file data33.txt (compact mmCIF, C-alpha atoms)
# COMPACT_ATOMS: atom_id res chain seq x y z
CA MET A 1 -25.77 -9.29 -22.96
CA SER A 2 -27.35 -6.21 -24.53
CA GLU A 3 -31.06 -6.51 -23.94
CA PRO A 4 -33.49 -4.47 -26.01
CA GLY A 5 -33.64 -0.86 -24.87
CA THR A 6 -30.08 -0.82 -23.63
CA LEU A 7 -28.92 2.72 -24.12
CA ARG A 8 -25.46 2.37 -22.73
CA ARG A 9 -22.55 0.24 -23.76
CA PRO A 10 -22.11 -2.85 -21.60
CA THR A 11 -19.36 -2.74 -18.99
CA ASN A 12 -18.46 -6.41 -19.42
CA THR A 13 -16.78 -6.30 -22.78
CA GLY A 14 -13.34 -5.45 -24.15
CA ILE A 15 -11.01 -3.93 -21.59
CA GLY A 16 -13.91 -4.02 -19.14
CA ARG A 17 -13.25 -7.75 -18.80
CA VAL A 18 -9.78 -6.95 -17.45
CA LEU A 19 -11.32 -4.58 -14.91
CA VAL A 20 -13.73 -7.32 -13.83
CA ALA A 21 -10.79 -9.74 -13.47
CA ILE A 22 -8.87 -7.30 -11.25
CA TYR A 23 -11.98 -6.61 -9.16
CA GLY A 24 -12.45 -10.37 -8.88
CA VAL A 25 -8.92 -10.88 -7.55
CA PHE A 26 -9.49 -8.16 -4.95
CA ALA A 27 -12.89 -9.58 -4.03
CA LEU A 28 -11.17 -12.88 -3.31
CA ALA A 29 -8.25 -11.26 -1.49
CA ALA A 30 -10.32 -8.92 0.68
CA CYS A 31 -13.00 -11.48 1.53
CA SER A 32 -10.61 -14.25 2.48
CA ARG A 33 -8.48 -11.82 4.45
CA ALA A 34 -11.55 -10.56 6.33
CA ALA A 35 -12.82 -14.10 6.92
CA VAL A 36 -9.52 -15.18 8.45
CA GLN A 37 -9.24 -12.01 10.55
CA LEU A 38 -12.82 -12.10 11.86
CA ALA A 39 -12.73 -15.83 12.56
CA THR A 40 -9.37 -16.02 14.31
CA ARG A 41 -8.68 -12.71 16.07
CA TYR A 42 -11.65 -10.36 15.90
CA HIS A 43 -10.93 -8.96 19.40
CA GLU A 44 -7.49 -7.64 18.39
CA ALA A 45 -8.72 -4.94 16.05
CA PRO A 46 -12.50 -5.07 15.49
CA LEU A 47 -12.63 -1.83 13.49
CA ALA A 48 -9.90 -2.80 11.04
CA TYR A 49 -11.33 -6.27 10.55
CA LEU A 50 -14.89 -5.03 10.02
CA LEU A 51 -13.51 -2.59 7.45
CA SER A 52 -11.79 -5.52 5.77
CA ALA A 53 -15.17 -7.22 5.52
CA VAL A 54 -16.79 -4.05 4.12
CA ALA A 55 -14.01 -3.83 1.55
CA GLY A 56 -14.60 -7.48 0.61
CA VAL A 57 -18.34 -6.93 0.11
CA VAL A 58 -17.73 -3.78 -1.96
CA TYR A 59 -15.31 -5.64 -4.23
CA VAL A 60 -17.71 -8.56 -4.66
CA VAL A 61 -20.58 -6.22 -5.60
CA ALA A 62 -18.38 -4.27 -8.03
CA THR A 63 -17.12 -7.49 -9.64
CA PHE A 64 -20.55 -8.97 -10.27
CA THR A 65 -22.29 -5.75 -11.30
CA LEU A 66 -19.54 -4.83 -13.78
CA ALA A 67 -19.55 -8.41 -15.09
CA ARG A 68 -23.32 -8.30 -15.61
CA GLY A 69 -23.21 -5.01 -17.43
CA THR A 70 -26.92 -4.20 -17.51
CA GLN A 71 -28.44 -0.79 -16.86
CA ALA A 72 -29.49 -1.70 -13.33
CA SER A 73 -26.14 -3.28 -12.50
CA ARG A 74 -24.33 -0.15 -13.70
CA ARG A 75 -26.06 1.88 -11.00
CA LEU A 76 -25.11 -0.66 -8.33
CA ALA A 77 -21.55 -0.72 -9.66
CA LEU A 78 -21.37 3.07 -9.40
CA VAL A 79 -22.52 2.96 -5.77
CA ALA A 80 -20.04 0.19 -4.90
CA ILE A 81 -17.13 1.98 -6.60
CA LEU A 82 -17.97 5.29 -4.89
CA ILE A 83 -17.99 3.51 -1.51
CA GLU A 84 -14.70 1.90 -2.50
CA LEU A 85 -13.21 5.31 -3.36
CA VAL A 86 -14.36 6.88 -0.08
CA GLY A 87 -13.16 3.78 1.78
CA VAL A 88 -9.65 3.66 0.39
CA LEU A 89 -9.18 7.43 0.78
CA SER A 90 -10.55 7.63 4.33
CA VAL A 91 -9.02 4.40 5.65
CA GLY A 92 -5.76 5.25 3.89
CA THR A 93 -5.66 8.72 5.47
CA ALA A 94 -6.82 7.50 8.89
CA SER A 95 -4.19 4.77 8.99
CA LEU A 96 -1.56 7.38 8.14
CA ILE A 97 -2.68 9.91 10.78
CA ASP A 98 -3.52 7.44 13.55
CA PRO A 99 -1.65 4.16 13.04
CA ALA A 100 -2.70 3.05 16.55
CA ALA A 101 -6.33 2.80 15.42
CA PHE A 102 -5.22 0.41 12.66
CA PRO A 103 -2.79 -1.95 14.37
CA ARG A 104 -3.60 -4.62 11.79
CA ALA A 105 -3.65 -4.04 8.09
CA THR A 106 -6.73 -3.97 5.88
CA VAL A 107 -6.61 -3.90 2.08
CA TRP A 108 -7.16 -0.14 2.31
CA SER A 109 -4.51 0.64 4.97
CA LEU A 110 -1.97 3.21 3.77
CA TYR A 111 -3.92 3.45 0.49
CA GLY A 112 -3.38 -0.22 -0.24
CA ILE A 113 0.42 -0.20 0.01
CA GLY A 114 0.40 -3.95 0.74
CA TYR A 115 -1.23 -4.54 -2.64
CA GLY A 116 0.98 -2.27 -4.74
CA PHE A 117 -1.47 0.65 -4.39
CA VAL A 118 -3.84 -1.11 -6.79
CA PRO A 119 -6.72 -0.52 -4.31
CA LEU A 120 -6.10 3.22 -4.72
CA VAL A 121 -6.03 3.15 -8.53
CA LEU A 122 -8.90 0.68 -8.98
CA PRO A 123 -11.85 2.95 -8.04
CA PHE A 124 -10.58 5.64 -10.41
CA ALA A 125 -10.27 3.05 -13.17
CA GLY A 126 -13.78 1.82 -12.36
CA LEU A 127 -15.27 5.32 -12.50
CA ALA A 128 -13.39 6.08 -15.71
CA TRP A 129 -14.78 2.88 -17.26
CA LEU A 130 -18.36 3.69 -16.22
CA TRP A 131 -17.87 7.19 -17.64
CA ARG A 132 -16.44 5.87 -20.89
CA THR A 133 -19.27 3.37 -21.38
CA ARG A 134 -21.97 5.92 -20.54
CA ALA A 135 -22.34 6.94 -24.18
CA PRO A 136 -25.25 5.38 -26.01
CA ILE A 137 -24.45 2.75 -28.61
CA LYS A 138 -24.67 4.36 -32.02
CA GLY A 139 -28.15 3.94 -33.42
CA ALA A 140 -29.53 2.26 -30.30
CA ILE A 141 -31.85 5.13 -29.52
CA ARG A 142 -33.54 5.25 -32.89
CA MET B 1 6.17 -25.82 1.40
CA ILE B 2 8.70 -27.20 -1.01
CA SER B 3 10.85 -24.27 -2.04
CA TRP B 4 11.78 -25.49 -5.51
CA LEU B 5 8.15 -26.26 -6.32
CA ALA B 6 7.08 -22.81 -5.13
CA TYR B 7 9.80 -21.20 -7.23
CA ALA B 8 8.64 -23.31 -10.18
CA VAL B 9 5.07 -22.03 -9.73
CA ILE B 10 6.39 -18.46 -9.52
CA ALA B 11 8.46 -18.89 -12.70
CA LEU B 12 5.62 -20.62 -14.61
CA ALA B 13 3.14 -17.95 -13.52
CA GLY B 14 5.61 -15.21 -14.46
CA ILE B 15 5.86 -16.62 -17.98
CA ALA B 16 2.05 -16.76 -18.18
CA VAL B 17 1.90 -13.06 -17.20
CA ILE B 18 4.37 -12.09 -19.92
CA TRP B 19 2.69 -14.34 -22.50
CA GLY B 20 -0.71 -12.81 -21.77
CA LEU B 21 0.64 -9.29 -22.13
CA VAL B 22 2.55 -10.14 -25.32
CA THR B 23 -0.56 -11.48 -27.11
CA ALA B 24 -2.49 -8.41 -25.93
CA ILE B 25 0.16 -6.09 -27.37
CA ALA B 26 0.12 -8.14 -30.59
CA ASN B 27 -3.67 -7.60 -30.62
CA LYS B 28 -4.42 -11.34 -30.63
CA PRO B 29 -6.59 -13.48 -28.40
CA PRO B 30 -4.70 -16.20 -26.48
CA GLY B 31 -3.78 -19.11 -28.74
CA LYS B 32 -4.29 -22.80 -28.07
CA ALA B 33 -0.73 -23.32 -26.77
CA GLN B 34 -1.21 -20.43 -24.36
CA LEU B 35 -4.44 -21.85 -23.00
CA ILE B 36 -2.86 -25.28 -22.54
CA TYR B 37 0.09 -23.61 -20.83
CA ALA B 38 -2.30 -21.88 -18.39
CA ALA B 39 -3.79 -25.30 -17.64
CA VAL B 40 -0.29 -26.67 -16.93
CA VAL B 41 0.40 -23.78 -14.53
CA GLU B 42 -2.88 -24.64 -12.84
CA VAL B 43 -1.96 -28.33 -12.49
CA VAL B 44 1.42 -27.49 -10.90
CA THR B 45 -0.33 -25.02 -8.57
CA VAL B 46 -2.88 -27.66 -7.52
CA VAL B 47 -0.09 -30.19 -6.88
CA GLN B 48 1.69 -27.62 -4.72
CA SER B 49 -1.46 -26.82 -2.71
CA LEU B 50 -2.11 -30.55 -2.15
CA ILE B 51 1.45 -31.20 -0.97
CA VAL B 52 1.39 -28.23 1.40
CA ALA B 53 -2.03 -29.25 2.72
CA VAL B 54 -0.74 -32.76 3.45
CA ARG B 55 2.32 -31.37 5.21
CA LEU B 56 0.10 -29.08 7.30
CA ALA B 57 -2.15 -32.03 8.15
CA LEU B 58 0.94 -33.99 9.22
CA GLY B 59 1.76 -31.25 11.71
CA ALA B 60 4.01 -28.79 9.90
CA ARG B 61 4.06 -25.45 11.74
CA VAL B 62 3.38 -22.07 10.14
CA THR B 63 2.96 -18.68 11.78
CA GLU B 64 -0.55 -18.12 10.39
CA PRO B 65 -2.29 -21.43 9.65
CA ALA B 66 -5.68 -19.89 8.74
CA THR B 67 -4.13 -17.44 6.28
CA THR B 68 -1.98 -20.20 4.79
CA VAL B 69 -5.01 -22.42 4.20
CA GLY B 70 -6.89 -19.46 2.67
CA TYR B 71 -4.05 -18.87 0.24
CA LEU B 72 -3.75 -22.56 -0.62
CA ILE B 73 -7.43 -22.61 -1.61
CA GLY B 74 -7.52 -19.19 -3.26
CA ILE B 75 -4.49 -19.88 -5.39
CA VAL B 76 -6.08 -22.85 -7.20
CA ILE B 77 -9.37 -21.16 -8.17
CA LEU B 78 -7.94 -18.07 -9.88
CA ILE B 79 -6.69 -19.55 -13.15
CA PRO B 80 -9.77 -21.71 -13.89
CA ILE B 81 -12.12 -18.74 -13.41
CA ALA B 82 -9.89 -16.47 -15.49
CA TRP B 83 -9.63 -19.20 -18.12
CA PHE B 84 -13.39 -19.25 -18.65
CA TRP B 85 -13.71 -15.47 -18.38
CA ALA B 86 -10.97 -15.10 -21.01
CA ASN B 87 -12.58 -17.61 -23.39
CA ASN B 88 -16.10 -16.30 -23.03
CA GLU B 89 -15.20 -13.29 -25.15
CA ARG B 90 -12.00 -13.78 -27.10
CA THR B 91 -10.17 -10.52 -27.71
CA ARG B 92 -6.71 -9.18 -26.97
CA PHE B 93 -7.99 -8.49 -23.46
CA SER B 94 -8.45 -12.21 -22.82
CA GLY B 95 -4.67 -12.42 -22.58
CA VAL B 96 -4.62 -9.60 -20.02
CA VAL B 97 -7.26 -11.43 -17.97
CA LEU B 98 -5.02 -14.53 -17.90
CA ALA B 99 -2.06 -12.29 -16.99
CA VAL B 100 -3.99 -10.79 -14.06
CA ALA B 101 -4.81 -14.24 -12.68
CA ALA B 102 -1.24 -15.49 -13.16
CA LEU B 103 0.13 -12.38 -11.44
CA ALA B 104 -2.17 -13.03 -8.48
CA VAL B 105 -0.95 -16.66 -8.34
CA LEU B 106 2.64 -15.41 -8.42
CA ALA B 107 2.07 -12.89 -5.62
CA MET B 108 0.17 -15.38 -3.47
CA THR B 109 2.89 -18.02 -3.87
CA LEU B 110 5.51 -15.47 -2.74
CA ARG B 111 3.34 -14.69 0.28
CA LEU B 112 2.93 -18.42 1.01
CA LEU B 113 6.70 -18.86 0.94
CA VAL B 114 7.11 -16.09 3.53
CA LEU B 115 4.30 -17.50 5.69
CA TRP B 116 6.03 -20.87 5.59
CA ASN B 117 9.47 -19.49 6.33
CA PRO B 118 9.40 -15.93 7.76
CA ALA B 119 13.21 -15.92 7.75
CA LEU B 120 13.06 -15.39 3.96
CA LEU B 121 12.23 -11.73 4.60
CA GLY B 122 14.96 -11.30 7.23
call {"tool": "encode", "arguments": {"input": "data33.txt", "output": "structure tokens"}}
result
Amino acid sequence: MSEPGTLRRPTNTGIGRVLVAIYGVFALAACSRAAVQLATRYHEAPLAYLLSAVAGVVYVVATFTLARGTQASRRLALVAILIELVGVLSVGTASLIDPAAFPRATVWSLYGIGYGFVPLVLPFAGLAWLWRTRAPIKGAIR
Amino acid sequence: MISWLAYAVIALAGIAVIWGLVTAIANKPPGKAQLIYAAVVEVVTVVQSLIVAVRLALGARVTEPATTVGYLIGIVILIPIAWFWANNERTRFSGVVLAVAALAVLAMTLRLLVLWNPALLG
């Protein structure tokens, strides 16, 4: 996977593969949840269900960009994970302050309590992994 | 849903989770027996999804049919994808990848059981 000129370590190797697997599970969970919600009862809570869809897209992008592990995909992964972080923190806080606005759960409601708080931990793990793999591979620059 | 089959899937998946973590701690990639075992878990999961799908088609009632169908489909694709992802680069982390997929299968089967019979939570 490391093309010539790669300065950074790929994100799709070692423990990074576990991260990709967890992102993959959440991509599946969030997307199918959103698909069911939007298809069967969109009118009940449009905001929550659209947020479910956003969460699904963010997880899909993070999964594939981390799995690809190229320089360009790293940047996309960073954007996706930052959106994920903002999403879980803001939706988590909003659903705590104003439960009426979130009558139906999304993956990010109450910081992902329905998924064992993994949605809250995952963006931090993702950022930590991008940070850890930022270092150039020894000798790659020369 | 057939309760004993669902509990069997949960137990089999639970063993796969532990097995994956054990090989990771032992710093070994998953062995042949472990990979075959994952395939067996997959076969039992597929059988379960087929049986539940037939029962739904025959008119069995669940509180959330769309969600149930989503879970029945989702549950059978996790292990095959993880299987290939784990074998593509064989390290100790391959076992963790299998464990993640098996844990998801376990959680989704529990959720399916509750969707089928909400009284289980009561």
call {"tool": "residues_around", "arguments": {"input": "data33.txt", "residues": "B:Val52", "least_positions_apart": "2", "cutoff": "8 Å", "atoms": "all atoms listed in the file", "output": "VMD selection string"}}
result
chain B and resid 1 to 2 48 to 50 54 to 56 72
call {"tool": "atom_distance", "arguments": {"input": "data33.txt", "atom1": "atom CA of B:Arg90", "atom2": "atom CA of A:Tyr23"}}
result
19.3 Å
call {"tool": "interface_residues", "arguments": {"input": "data33.txt", "of": "chain B", "to": "chain A", "cutoff": "10 Å", "atoms": "all atoms listed in the file", "output": "ChimeraX atom specification"}}
result
/B:64-71,73-75,77-78,81-82,85-86,88-101,103-105,107-108
call {"tool": "atom_distance", "arguments": {"input": "data33.txt", "atom1": "atom CA of A:Tyr111", "atom2": "atom CA of B:Val9"}}
result
28.9 Å
call {"tool": "residues_around", "arguments": {"input": "data33.txt", "residues": "B:Ala8", "least_positions_apart": "4", "cutoff": "12 Å", "atoms": "only C-alpha atoms", "output": "list in words"}}
result
Ile2, Ser3, Trp4, Leu12, Ala13, Gly14, Ile15, Val40, Val41, Glu42, Val43, Val44, Thr45, Val47, Gln48, Val105, Leu106, Thr109 and Leu110 of chain B
call {"tool": "atom_distance", "arguments": {"input": "data33.txt", "atom1": "atom CA of A:Ala80", "atom2": "atom CA of A:Thr93"}}
result
19.7 Å
call {"tool": "closest_residue", "arguments": {"input": "data33.txt", "among": "B:Ala16, B:Ala6, B:Val46, B:Leu58", "to": "B:Val114", "atoms": "all atoms listed in the file"}}
result
B:Ala6
call {"tool": "closest_residue", "arguments": {"input": "data33.txt", "among": "A:Thr11, A:Thr63, A:Ser109, A:Ser73", "to": "A:Leu89", "atoms": "only C-alpha atoms"}}
result
A:Ser109
call {"tool": "residues_near_point", "arguments": {"input": "data33.txt", "point": "(-8.3, -8.9, 9.4)", "cutoff": "8 Å", "atoms": "all atoms listed in the file", "output": "ChimeraX atom specification"}}
result
/A:33-38,41-42,45,48-50,52,104-106
